[in-house]
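Chemist: My structure is below; once you've seen it, I'll send some questions.
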Amino acid sequence: MKRILISCTIILMAFLSKANDGSQGHYTYHLNLNEVIMDRLIVTVETPKVRQKSIRFHFPKIIPGTYTEYDFGRFVHQVNAFDEKGEGLSVVREDVNTWRITPANKLHHLTYEVDDSFDATSGRSVSGMSGTNIEEGKNFLLNGHGFYGYLEGLEFVPFKVEVQKPEEMVHQSAYTTLSSKGNTDWFEAKNYHELVDMPVMYCKPDTAVIKLDKTEVLLAIYSPNGLISSQSLREHFEVLLASQRDYLKGNLPVERYAFLMYFMGEQLPIGTGALEHNYSSVYCLPEMPEERIRPFLLDIASHEFFHIITPLSVHSEEIHYFDFAEPDMSRHLWMYEGITEYFSHHNQVRSGMISPEEFLERMGRKIQLSKANYQDDLSFTKMSSRILDKYEDQYGNVYEKGALLAMCLDIELQEKSGGSYGLVELMQDLTEAYGKEKPFKDKKLFAAIEKSQGDKIGDFLNTYIKKGKPVPYGVFFDKMGISYEEPKDTMVYTFGDAAFGFSRETRKLVVQNIYNLNEMGRELDYRVGDEILKIQNKTVPGEGIQQFVDQIRSEMKEGAPFVVEVNRKDEKGKDKTVLLEARIQKAKRVNPPNIKIKPDENMQKKMIQDAWLHGRP
């Protein structure tokens, strides 16, 4: 993830050396998980020495690995500053994430209260894996960006964290700088970036340790109803991790790693998924019988673990020197998320976990979803750089077309080398050229790859990723001796294409996201968190949802009125009933393409196909 000009490196090293020379001390944070007041934790922090008369105290607007402005300062209340004698100092809130303290040169410590994001009832919902949880006596998810702030200009001094915990709970994390005595744990981080990079979960222990060569992996589970356990998942994760090791030519580039998994016993109005870190990943998923969720869980865990390659080991300066207050976005989501997503599936076919037919079917579904839901001629580099604003609704395509771009680049490399060099080898070469402590310059990555791989690969990067020309997938599949038949579109009745989830608590459908609304959905004006009470004046049942939906669709007629009654929370978090109305109109559905391995392909293509799908030239 790192590369920079020598002159800039020298300046930065001088700055870090000054910041860490001990002259300004360190932060010492104190949390007591035994004292939860009104679902809040009280946080105390002894601060480094401040020389100026005024200083800002910040919480992040956005964090690495996410592409949404969450404003974690909105969960922080009652910020107070004190001098060494306990006398109060002036604290003025400048914006949602910032407090100004004066006179700062007398600052000794701060206190404040923190709400968890899981229970937030107003503002933008924070996805569970990026959020915080305060569940007294059950679970505490300590994502550092939600509990710890930093003083402006003092992000690179060391941090110490003391956590007093309930006796029955244990810490679960990838931390190595940890000491425990009785019911008190101490954590250390060399700077704020490392502190945010090390999430910790506290709950009753349900853990398994997997040792793979020199790598030790922790599998930590919180499943409130006991439907999922670390021991029963262990053997499946052992197989997955072994396949990833072999895919990376026998080398896992980390000595330790932790999968921290929180399973929701009841549906919450928060996004689910996973978030990567350098030595761990956090999961927030619905609790269900293990055999049902296990295939999806292995897919998503495979994706998150492969992030150890990119962006964690190969990344731009925008990520390496991440600005938590006003971040600049990198142009290379096609690599950070797209290649990672592709590897998570390609690894499985090469290891025999899935068949070639299943792999091609998965790629076909990605073509279907990409063409159906996103702009197909949009520059991926432009989209990435403006993902926080103009192209926010295109983000999901990094997992669809992003993975397909990675697949086609892999095919180009395989064909060019006769099956001896592919995308895995390219990423390993980039890791050696850059690495965790040497970010690349965002605008120069394509030139660097073209220099090492030639004009043909440079043309691919510039044509399909930078310029955004639609990808002729059939051309690339044909290089591998695989036939490709474009799908035919159909027109169908929909409810507006909002993404619905099911609340176990209320037994109702809930709007989880609105990224892919069609024209009718935009006219209805769904909001995330809307609870669906009635559709076409018919009450949504607690059971038999699919039959209910099918019945409504069978009665729909184009141009007729469509009415949805929802329960929606207002700005104060109070429930109100809202009627959403629109005219019924059909929406286009893109069907998956027909992709098949040709049984009688020529020997040259068959050899490269074998190298691509099985790793054998």
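Letters A, B, ... go to the chains of the structure tokens in the order shown; residues in each chain start at 1; ligands are counted from 1 in the same order.
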Excluding Arg93 (chain A) and residues on its chain fewer than 5 positions from it, collect all residues at most 12 Å away from it, counting only C-alpha atoms, and give them as a list in words.
Modeler: Ile55, Arg56, Phe57, His58, Phe59, Gly73, Arg74, Val76, His77, Gln78, Val79, Asn80, Thr98, Trp99, Arg100, Ile101 and Thr102 of chain A
Chemist: Which residues in region 235-306 of chain A does DSSP call strand (DSSP E)? List them as a ChimeraX atom specification.
Modeler: /A:256-264,273-276,280-286
Chemist: Write out, as CSV, each residue of region 500-615 of chain A that has an atom at most 7 Å from region 479-490 of chain A, together with the closest pair of atoms and their distance in Å to one decimal, counting only C-alpha atoms, rows going by chain and rising number.
Modeler:
```
residue,atom,partner,partner_atom,distance
A:Lys588,CA,A:Thr490,CA,5.8
A:Arg589,CA,A:Thr490,CA,5.2
A:Val590,CA,A:Asp489,CA,4.8
A:Asn591,CA,A:Pro487,CA,5.4
A:Pro592,CA,A:Pro487,CA,5.8
A:Pro593,CA,A:Pro487,CA,4.6
A:Asn594,CA,A:Glu485,CA,5.0
A:Ile595,CA,A:Tyr484,CA,4.7
A:Lys596,CA,A:Ser483,CA,5.3
A:Ile597,CA,A:Ile482,CA,4.5
A:Lys598,CA,A:Ile482,CA,5.4
A:Glu601,CA,A:Gly481,CA,5.7
A:Lys605,CA,A:Gly481,CA,5.4
A:Lys606,CA,A:Gly481,CA,6.3
A:Ile608,CA,A:Met480,CA,6.4
A:Gln609,CA,A:Met480,CA,4.8
```
Chemist: Export all heavy atoms of the chosen residues as a short mmCIF file (atom, residue, chain, number, x, y, z; two decimals), in the first residue's frame?
Modeler:
```cif
data_model
loop_
_atom_site.label_atom_id
_atom_site.label_comp_id
_atom_site.auth_asym_id
_atom_site.auth_seq_id
_atom_site.Cartn_x
_atom_site.Cartn_y
_atom_site.Cartn_z
N LYS A 588 -36.85 -2.91 -16.66
CA LYS A 588 -36.06 -3.87 -17.44
C LYS A 588 -35.31 -4.81 -16.51
O LYS A 588 -34.76 -4.40 -15.50
CB LYS A 588 -35.06 -3.12 -18.32
CG LYS A 588 -34.25 -4.04 -19.24
CD LYS A 588 -33.37 -3.25 -20.19
CE LYS A 588 -32.18 -2.67 -19.48
NZ LYS A 588 -31.23 -2.04 -20.42
N ARG A 589 -35.30 -6.08 -16.88
CA ARG A 589 -34.53 -7.07 -16.17
C ARG A 589 -33.50 -7.66 -17.14
O ARG A 589 -33.86 -8.14 -18.22
CB ARG A 589 -35.42 -8.19 -15.63
CG ARG A 589 -36.10 -7.87 -14.34
CD ARG A 589 -35.10 -7.83 -13.18
NE ARG A 589 -35.76 -7.52 -11.93
CZ ARG A 589 -35.92 -6.31 -11.45
NH1 ARG A 589 -35.48 -5.26 -12.12
NH2 ARG A 589 -36.52 -6.11 -10.29
N VAL A 590 -32.26 -7.60 -16.73
CA VAL A 590 -31.19 -8.19 -17.53
C VAL A 590 -30.98 -9.62 -17.07
O VAL A 590 -30.72 -9.87 -15.89
CB VAL A 590 -29.88 -7.39 -17.38
CG1 VAL A 590 -28.75 -8.07 -18.16
CG2 VAL A 590 -30.09 -5.96 -17.87
N ASN A 591 -31.10 -10.57 -17.96
CA ASN A 591 -30.90 -11.97 -17.62
C ASN A 591 -29.41 -12.32 -17.67
O ASN A 591 -28.63 -11.64 -18.34
CB ASN A 591 -31.67 -12.86 -18.60
CG ASN A 591 -33.17 -12.66 -18.47
OD1 ASN A 591 -33.70 -12.61 -17.37
ND2 ASN A 591 -33.85 -12.52 -19.60
N PRO A 592 -29.01 -13.35 -16.95
CA PRO A 592 -27.59 -13.73 -16.98
C PRO A 592 -27.20 -14.28 -18.35
O PRO A 592 -28.02 -14.90 -19.04
CB PRO A 592 -27.49 -14.80 -15.89
CG PRO A 592 -28.86 -15.34 -15.75
CD PRO A 592 -29.79 -14.20 -16.04
N PRO A 593 -25.94 -14.06 -18.76
CA PRO A 593 -25.48 -14.61 -20.04
C PRO A 593 -25.28 -16.11 -19.96
O PRO A 593 -25.20 -16.69 -18.88
CB PRO A 593 -24.15 -13.89 -20.26
CG PRO A 593 -23.66 -13.59 -18.88
CD PRO A 593 -24.90 -13.31 -18.06
N ASN A 594 -25.18 -16.73 -21.10
CA ASN A 594 -24.93 -18.17 -21.19
C ASN A 594 -23.43 -18.36 -21.45
O ASN A 594 -22.93 -18.02 -22.52
CB ASN A 594 -25.76 -18.77 -22.32
CG ASN A 594 -25.69 -20.29 -22.35
OD1 ASN A 594 -25.17 -20.91 -21.42
ND2 ASN A 594 -26.20 -20.88 -23.41
N ILE A 595 -22.71 -18.88 -20.47
CA ILE A 595 -21.26 -19.05 -20.56
C ILE A 595 -20.93 -20.53 -20.40
O ILE A 595 -21.29 -21.13 -19.38
CB ILE A 595 -20.53 -18.23 -19.48
CG1 ILE A 595 -21.00 -16.77 -19.50
CG2 ILE A 595 -19.03 -18.30 -19.66
CD1 ILE A 595 -20.47 -15.93 -18.35
N LYS A 596 -20.24 -21.10 -21.38
CA LYS A 596 -19.94 -22.53 -21.32
C LYS A 596 -18.54 -22.82 -21.86
O LYS A 596 -18.06 -22.15 -22.78
CB LYS A 596 -20.97 -23.34 -22.14
CG LYS A 596 -22.37 -23.35 -21.54
CD LYS A 596 -23.29 -24.26 -22.34
CE LYS A 596 -24.68 -24.33 -21.71
NZ LYS A 596 -25.60 -25.20 -22.49
N ILE A 597 -17.90 -23.81 -21.27
CA ILE A 597 -16.60 -24.27 -21.74
C ILE A 597 -16.81 -25.07 -23.03
O ILE A 597 -17.63 -26.00 -23.08
CB ILE A 597 -15.90 -25.14 -20.68
CG1 ILE A 597 -15.61 -24.29 -19.43
CG2 ILE A 597 -14.61 -25.74 -21.23
CD1 ILE A 597 -15.07 -25.08 -18.26
N LYS A 598 -16.07 -24.71 -24.09
CA LYS A 598 -16.19 -25.44 -25.36
C LYS A 598 -15.48 -26.79 -25.24
O LYS A 598 -14.30 -26.85 -24.86
CB LYS A 598 -15.54 -24.63 -26.49
CG LYS A 598 -16.21 -23.28 -26.74
CD LYS A 598 -15.47 -22.52 -27.83
CE LYS A 598 -16.09 -21.14 -28.06
NZ LYS A 598 -15.36 -20.37 -29.10
N GLU A 601 -12.27 -27.31 -28.06
CA GLU A 601 -11.42 -26.15 -28.35
C GLU A 601 -10.00 -26.60 -28.70
O GLU A 601 -9.57 -27.70 -28.33
CB GLU A 601 -11.40 -25.21 -27.13
CG GLU A 601 -10.88 -23.80 -27.44
CD GLU A 601 -11.54 -23.19 -28.66
OE1 GLU A 601 -12.73 -22.85 -28.59
OE2 GLU A 601 -10.87 -23.09 -29.69
N LYS A 605 -5.56 -22.92 -26.68
CA LYS A 605 -6.55 -22.28 -25.80
C LYS A 605 -6.86 -23.19 -24.61
O LYS A 605 -7.07 -22.69 -23.49
CB LYS A 605 -7.83 -21.96 -26.57
CG LYS A 605 -7.70 -20.80 -27.54
CD LYS A 605 -9.03 -20.45 -28.17
CE LYS A 605 -8.90 -19.26 -29.11
NZ LYS A 605 -10.21 -18.88 -29.73
N LYS A 606 -6.90 -24.48 -24.85
CA LYS A 606 -7.20 -25.42 -23.76
C LYS A 606 -6.11 -25.37 -22.70
O LYS A 606 -6.39 -25.44 -21.49
CB LYS A 606 -7.32 -26.83 -24.33
CG LYS A 606 -7.90 -27.85 -23.34
CD LYS A 606 -9.37 -27.57 -23.07
CE LYS A 606 -9.95 -28.62 -22.15
NZ LYS A 606 -11.36 -28.31 -21.79
N ILE A 608 -4.14 -22.76 -21.97
CA ILE A 608 -4.23 -21.50 -21.21
C ILE A 608 -5.46 -21.52 -20.31
O ILE A 608 -5.43 -21.02 -19.19
CB ILE A 608 -4.26 -20.30 -22.18
CG1 ILE A 608 -3.02 -20.29 -23.06
CG2 ILE A 608 -4.36 -18.99 -21.40
CD1 ILE A 608 -3.03 -19.21 -24.13
N GLN A 609 -6.55 -22.10 -20.80
CA GLN A 609 -7.75 -22.24 -19.97
C GLN A 609 -7.45 -23.05 -18.72
O GLN A 609 -7.89 -22.72 -17.61
CB GLN A 609 -8.86 -22.92 -20.78
CG GLN A 609 -10.13 -23.20 -20.01
CD GLN A 609 -11.00 -24.24 -20.70
OE1 GLN A 609 -11.19 -25.34 -20.20
NE2 GLN A 609 -11.52 -23.90 -21.88
#
```
Chemist: Which residues of region 221-284 of chain A sit at most 9 Å from region 184-207 of chain A, using only C-alpha atoms? Give each one's shortest atom pair and distance in Å (one decimal place), in chain and ascending residue order, as a tab-separated table.
Modeler:
```
residue	atom	partner	partner_atom	distance
A:Ile221	CA	A:Asp206	CA	5.5
A:Tyr222	CA	A:Asp206	CA	7.0
A:Ser223	CA	A:Asp206	CA	8.8
A:Ser229	CA	A:Asp206	CA	6.8
A:Ser230	CA	A:Thr207	CA	5.4
A:Gln231	CA	A:Thr207	CA	7.3
A:Leu260	CA	A:Met201	CA	7.0
A:Met261	CA	A:Met201	CA	8.8
A:Tyr262	CA	A:Met201	CA	8.7
A:Glu276	CA	A:Asp197	CA	8.8
A:His277	CA	A:Asp197	CA	5.6
A:Asn278	CA	A:Asp197	CA	6.7
A:Tyr279	CA	A:Met198	CA	7.5
A:Ser280	CA	A:Met198	CA	7.3
A:Ser281	CA	A:Pro199	CA	8.3
A:Val282	CA	A:Pro199	CA	7.6
```
Chemist: Could you write out that same residue set with N, CA, C and O atoms as an mmCIF file, in the first residue's frame?
Modeler:
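Output below, filename out_3.cif:
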```
data_model
loop_
_atom_site.group_PDB
_atom_site.id
_atom_site.type_symbol
_atom_site.label_atom_id
_atom_site.label_comp_id
_atom_site.auth_asym_id
_atom_site.auth_seq_id
_atom_site.Cartn_x
_atom_site.Cartn_y
_atom_site.Cartn_z
ATOM 1 N N ILE A 221 -16.570 -15.551 17.601
ATOM 2 C CA ILE A 221 -17.987 -15.539 17.243
ATOM 3 C C ILE A 221 -18.832 -14.977 18.379
ATOM 4 O O ILE A 221 -18.641 -15.341 19.548
ATOM 5 N N TYR A 222 -19.774 -14.076 18.028
ATOM 6 C CA TYR A 222 -20.850 -13.713 18.955
ATOM 7 C C TYR A 222 -22.166 -14.064 18.271
ATOM 8 O O TYR A 222 -22.587 -13.408 17.316
ATOM 9 N N SER A 223 -22.787 -15.141 18.733
ATOM 10 C CA SER A 223 -24.054 -15.620 18.185
ATOM 11 C C SER A 223 -25.027 -15.736 19.359
ATOM 12 O O SER A 223 -24.991 -16.720 20.109
ATOM 13 N N SER A 229 -21.183 -21.414 15.744
ATOM 14 C CA SER A 229 -20.101 -21.566 16.709
ATOM 15 C C SER A 229 -18.753 -21.598 16.007
ATOM 16 O O SER A 229 -18.646 -22.025 14.850
ATOM 17 N N SER A 230 -17.730 -21.172 16.732
ATOM 18 C CA SER A 230 -16.388 -21.141 16.156
ATOM 19 C C SER A 230 -15.870 -22.540 15.868
ATOM 20 O O SER A 230 -15.185 -22.763 14.859
ATOM 21 N N GLN A 231 -16.186 -23.486 16.733
ATOM 22 C CA GLN A 231 -15.652 -24.838 16.553
ATOM 23 C C GLN A 231 -16.223 -25.518 15.315
ATOM 24 O O GLN A 231 -15.507 -26.226 14.601
ATOM 25 N N LEU A 260 -13.515 -11.296 13.413
ATOM 26 C CA LEU A 260 -14.417 -10.912 14.501
ATOM 27 C C LEU A 260 -15.836 -10.866 13.948
ATOM 28 O O LEU A 260 -16.156 -10.007 13.121
ATOM 29 N N MET A 261 -16.700 -11.777 14.415
ATOM 30 C CA MET A 261 -18.014 -11.953 13.793
ATOM 31 C C MET A 261 -19.140 -11.723 14.784
ATOM 32 O O MET A 261 -19.282 -12.457 15.764
ATOM 33 N N TYR A 262 -19.921 -10.692 14.484
ATOM 34 C CA TYR A 262 -21.103 -10.370 15.289
ATOM 35 C C TYR A 262 -22.336 -10.767 14.486
ATOM 36 O O TYR A 262 -22.566 -10.263 13.379
ATOM 37 N N GLU A 276 -12.524 -4.724 6.188
ATOM 38 C CA GLU A 276 -11.169 -5.230 6.328
ATOM 39 C C GLU A 276 -10.278 -4.293 7.134
ATOM 40 O O GLU A 276 -10.473 -3.079 7.163
ATOM 41 N N HIS A 277 -9.278 -4.899 7.782
ATOM 42 C CA HIS A 277 -8.199 -4.181 8.455
ATOM 43 C C HIS A 277 -6.902 -4.927 8.136
ATOM 44 O O HIS A 277 -6.917 -6.002 7.533
ATOM 45 N N ASN A 278 -5.768 -4.372 8.541
ATOM 46 C CA ASN A 278 -4.484 -4.987 8.212
ATOM 47 C C ASN A 278 -4.344 -6.384 8.809
ATOM 48 O O ASN A 278 -3.759 -7.267 8.187
ATOM 49 N N TYR A 279 -4.862 -6.584 10.019
ATOM 50 C CA TYR A 279 -4.675 -7.865 10.682
ATOM 51 C C TYR A 279 -5.991 -8.488 11.142
ATOM 52 O O TYR A 279 -5.971 -9.443 11.920
ATOM 53 N N SER A 280 -7.106 -7.955 10.684
ATOM 54 C CA SER A 280 -8.394 -8.500 11.108
ATOM 55 C C SER A 280 -9.485 -8.029 10.160
ATOM 56 O O SER A 280 -9.263 -7.167 9.303
ATOM 57 N N SER A 281 -10.662 -8.600 10.333
ATOM 58 C CA SER A 281 -11.857 -8.122 9.631
ATOM 59 C C SER A 281 -13.045 -8.293 10.561
ATOM 60 O O SER A 281 -13.110 -9.227 11.361
ATOM 61 N N VAL A 282 -13.983 -7.338 10.463
ATOM 62 C CA VAL A 282 -15.164 -7.318 11.323
ATOM 63 C C VAL A 282 -16.391 -7.642 10.485
ATOM 64 O O VAL A 282 -16.564 -7.102 9.385
#
```
Chemist: Under the rule that only C-alpha atoms are counted, which of A:Ser243, A:Gln585, A:Asn34, A:Thr176 is the nearest residue to Glu216 (chain A)?
Modeler: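 Of A:Ser243, A:Gln585, A:Asn34, A:Thr176, the one nearest Glu216 (chain A) is A:Thr176, counting only C-alpha atoms.
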Chemist: List as a CSV table (one decimal) with N, CA, C and O atoms, in the first residue's frame the protein and nucleic acid residues near Thr132 (chain A), meaning an atom at most 12 Å away when only C-alpha atoms are counted, but skip any in the same chain fewer than 3 places from it.
Modeler:
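Wrote it out as out.csv, contents follow:
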```
chain,number,residue,atom,x,y,z
A,39,ASP,N,-27.2,3.4,28.1
A,39,ASP,CA,-26.6,2.8,26.9
A,39,ASP,C,-25.4,3.6,26.4
A,39,ASP,O,-25.1,3.6,25.2
A,40,ARG,N,-24.7,4.3,27.3
A,40,ARG,CA,-23.5,5.1,26.9
A,40,ARG,C,-22.3,4.7,27.7
A,40,ARG,O,-22.5,4.2,28.9
A,41,LEU,N,-21.1,4.8,27.2
A,41,LEU,CA,-19.9,4.7,27.9
A,41,LEU,C,-19.3,6.0,28.2
A,41,LEU,O,-19.3,6.9,27.3
A,72,PHE,N,-18.6,10.2,12.8
A,72,PHE,CA,-18.7,9.5,14.1
A,72,PHE,C,-18.8,10.4,15.3
A,72,PHE,O,-19.1,10.0,16.4
A,75,PHE,N,-22.0,10.7,17.6
A,75,PHE,CA,-22.3,9.7,18.7
A,75,PHE,C,-21.6,10.2,20.0
A,75,PHE,O,-21.6,9.4,21.0
A,76,VAL,N,-20.9,11.3,19.9
A,76,VAL,CA,-20.1,11.8,21.1
A,76,VAL,C,-20.8,13.0,21.7
A,76,VAL,O,-21.2,13.9,21.0
A,114,VAL,N,-20.1,8.3,25.0
A,114,VAL,CA,-20.2,7.8,23.6
A,114,VAL,C,-21.5,6.9,23.5
A,114,VAL,O,-21.7,6.0,24.4
A,115,ASP,N,-22.3,7.2,22.5
A,115,ASP,CA,-23.4,6.3,22.2
A,115,ASP,C,-22.9,5.3,21.1
A,115,ASP,O,-22.0,5.6,20.4
A,116,ASP,N,-23.5,4.1,21.1
A,116,ASP,CA,-23.2,3.2,20.1
A,116,ASP,C,-24.0,3.5,18.8
A,116,ASP,O,-25.1,4.0,18.9
A,117,SER,N,-23.4,3.1,17.7
A,117,SER,CA,-24.1,3.4,16.4
A,117,SER,C,-25.2,2.4,16.1
A,117,SER,O,-26.1,2.6,15.3
A,118,PHE,N,-25.1,1.2,16.7
A,118,PHE,CA,-26.1,0.1,16.4
A,118,PHE,C,-27.5,0.6,16.7
A,118,PHE,O,-28.5,0.2,16.0
A,119,ASP,N,-27.7,1.4,17.7
A,119,ASP,CA,-29.0,1.8,18.2
A,119,ASP,C,-29.4,3.2,17.7
A,119,ASP,O,-30.4,3.8,18.1
A,120,ALA,N,-28.6,3.8,16.7
A,120,ALA,CA,-28.9,5.1,16.3
A,120,ALA,C,-30.3,5.1,15.6
A,120,ALA,O,-30.6,4.3,14.8
A,125,SER,N,-27.5,5.8,8.7
A,125,SER,CA,-27.2,4.6,9.4
A,125,SER,C,-25.8,4.1,9.1
A,125,SER,O,-25.4,4.2,8.0
A,126,VAL,N,-25.1,3.7,10.2
A,126,VAL,CA,-23.7,3.2,10.0
A,126,VAL,C,-23.8,1.7,9.9
A,126,VAL,O,-24.4,1.0,10.7
A,127,SER,N,-23.2,1.2,8.8
A,127,SER,CA,-23.2,-0.3,8.6
A,127,SER,C,-22.5,-0.9,9.8
A,127,SER,O,-21.6,-0.4,10.4
A,128,GLY,N,-23.1,-2.1,10.2
A,128,GLY,CA,-22.7,-2.7,11.4
A,128,GLY,C,-21.2,-3.0,11.6
A,128,GLY,O,-20.6,-2.8,12.6
A,129,MET,N,-20.6,-3.5,10.5
A,129,MET,CA,-19.2,-3.8,10.5
A,129,MET,C,-18.3,-2.6,10.7
A,129,MET,O,-17.2,-2.7,11.2
A,135,GLU,N,-23.8,-3.3,24.3
A,135,GLU,CA,-24.8,-4.2,24.7
A,135,GLU,C,-24.5,-4.7,26.1
A,135,GLU,O,-23.8,-5.8,26.2
A,139,ASN,N,-22.4,-7.8,24.8
A,139,ASN,CA,-21.4,-7.6,23.7
A,139,ASN,C,-21.0,-6.2,23.6
A,139,ASN,O,-21.8,-5.3,23.7
A,140,PHE,N,-19.7,-5.9,23.4
A,140,PHE,CA,-19.2,-4.6,23.1
A,140,PHE,C,-18.3,-4.7,21.9
A,140,PHE,O,-17.3,-5.5,21.9
A,141,LEU,N,-18.7,-4.0,20.8
A,141,LEU,CA,-17.8,-4.0,19.6
A,141,LEU,C,-17.1,-2.6,19.6
A,141,LEU,O,-17.8,-1.6,19.4
A,142,LEU,N,-15.8,-2.6,19.9
A,142,LEU,CA,-15.1,-1.4,20.0
A,142,LEU,C,-14.3,-1.2,18.7
A,142,LEU,O,-13.1,-1.5,18.6
A,143,ASN,N,-15.0,-0.6,17.7
A,143,ASN,CA,-14.3,-0.1,16.6
A,143,ASN,C,-13.7,1.3,17.0
A,143,ASN,O,-14.4,2.2,17.4
A,144,GLY,N,-12.4,1.4,16.9
A,144,GLY,CA,-11.7,2.5,17.5
A,144,GLY,C,-12.1,3.9,17.1
A,144,GLY,O,-12.2,4.8,17.9
A,145,HIS,N,-12.5,4.0,15.8
A,145,HIS,CA,-13.0,5.3,15.3
A,145,HIS,C,-14.2,5.8,16.0
A,145,HIS,O,-14.6,7.0,15.8
A,146,GLY,N,-15.0,4.9,16.6
A,146,GLY,CA,-16.2,5.3,17.3
A,146,GLY,C,-16.1,5.7,18.7
A,146,GLY,O,-17.0,6.3,19.3
A,147,PHE,N,-14.9,5.4,19.3
A,147,PHE,CA,-14.7,5.6,20.8
A,147,PHE,C,-13.5,6.6,21.1
A,147,PHE,O,-13.5,7.2,22.1
A,148,TYR,N,-12.6,6.7,20.1
A,148,TYR,CA,-11.4,7.4,20.4
A,148,TYR,C,-11.2,8.6,19.4
A,148,TYR,O,-11.4,8.3,18.2
A,199,PRO,N,-9.7,-3.2,15.6
A,199,PRO,CA,-11.0,-3.4,16.3
A,199,PRO,C,-10.9,-4.5,17.4
A,199,PRO,O,-10.1,-5.4,17.3
A,200,VAL,N,-11.7,-4.3,18.5
A,200,VAL,CA,-11.7,-5.3,19.6
A,200,VAL,C,-13.2,-5.6,19.9
A,200,VAL,O,-14.1,-4.7,19.9
A,201,MET,N,-13.5,-6.9,20.1
A,201,MET,CA,-14.8,-7.3,20.5
A,201,MET,C,-14.7,-8.0,21.9
A,201,MET,O,-13.9,-8.8,22.1
A,202,TYR,N,-15.6,-7.6,22.8
A,202,TYR,CA,-15.7,-8.2,24.1
A,202,TYR,C,-17.1,-8.9,24.2
A,202,TYR,O,-18.1,-8.4,23.9
A,262,TYR,N,-19.9,-10.7,14.5
A,262,TYR,CA,-21.1,-10.4,15.3
A,262,TYR,C,-22.3,-10.8,14.5
A,262,TYR,O,-22.6,-10.3,13.4
A,270,ILE,N,-29.6,-1.5,10.2
A,270,ILE,CA,-28.2,-1.2,9.9
A,270,ILE,C,-27.8,-2.1,8.7
A,270,ILE,O,-28.3,-3.2,8.6
A,282,VAL,N,-14.0,-7.3,10.5
A,282,VAL,CA,-15.2,-7.3,11.3
A,282,VAL,C,-16.4,-7.6,10.5
A,282,VAL,O,-16.6,-7.1,9.4
A,283,TYR,N,-17.3,-8.5,11.0
A,283,TYR,CA,-18.5,-9.0,10.3
A,283,TYR,C,-19.7,-8.6,11.1
A,283,TYR,O,-19.7,-8.8,12.3
A,284,CYS,N,-20.7,-8.1,10.5
A,284,CYS,CA,-22.0,-7.9,11.1
A,284,CYS,C,-23.0,-8.6,10.2
A,284,CYS,O,-23.3,-8.1,9.1
```
Chemist: One decimal, in Å: what's the spacing between CA of Ile514 (chain A) and CA of Tyr464 (chain A)?
Modeler: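 Between CA of Ile514 (chain A) and CA of Tyr464 (chain A) the gap is 27.3 Å.
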Chemist: Quick one: pull the distance between CA of Lys61 (chain A) and CA of Gly529 (chain A), Å, one decimal.
Modeler: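 For CA of Lys61 (chain A) relative to CA of Gly529 (chain A), the distance reads 21.8 Å.
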Chemist: Please report the interatomic distance between CA of Ile293 (chain A) and CA of Ile532 (chain A) in Å with one decimal.
Modeler: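 Taking CA of Ile293 (chain A) as the start and CA of Ile532 (chain A) as the end point, the length is 25.1 Å.
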Chemist: Might you pull out every residue within 12 Å of Ser232 (chain A), with only C-alpha atoms counted and same-chain residues fewer than 3 positions away left off, and present them as a ChimeraX atom specification?
Modeler: /A:206-208,219-221,226-229,235-238,289-291,294
Chemist: So that I can check the surroundings of region 560-572 of chain A, please list as a list in words every protein, DNA and RNA residue that reaches within 6 Å of it, counting only C-alpha atoms and ignoring chain neighbours fewer than 5 positions away.
Modeler: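 That gives Asp530, Glu531, Ile532, Leu533, Lys534, Ile535, Gln536, Thr577, Val578, Leu579, Leu580, Glu581, Ala582, Arg583 and Ile584 of chain A.
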Chemist: Would you mind telling me which residue in A:Val157, A:Leu33, A:Gly422, A:Thr68 lies nearest to Lys138 (chain A) when using only C-alpha atoms?
Modeler: A:Leu33
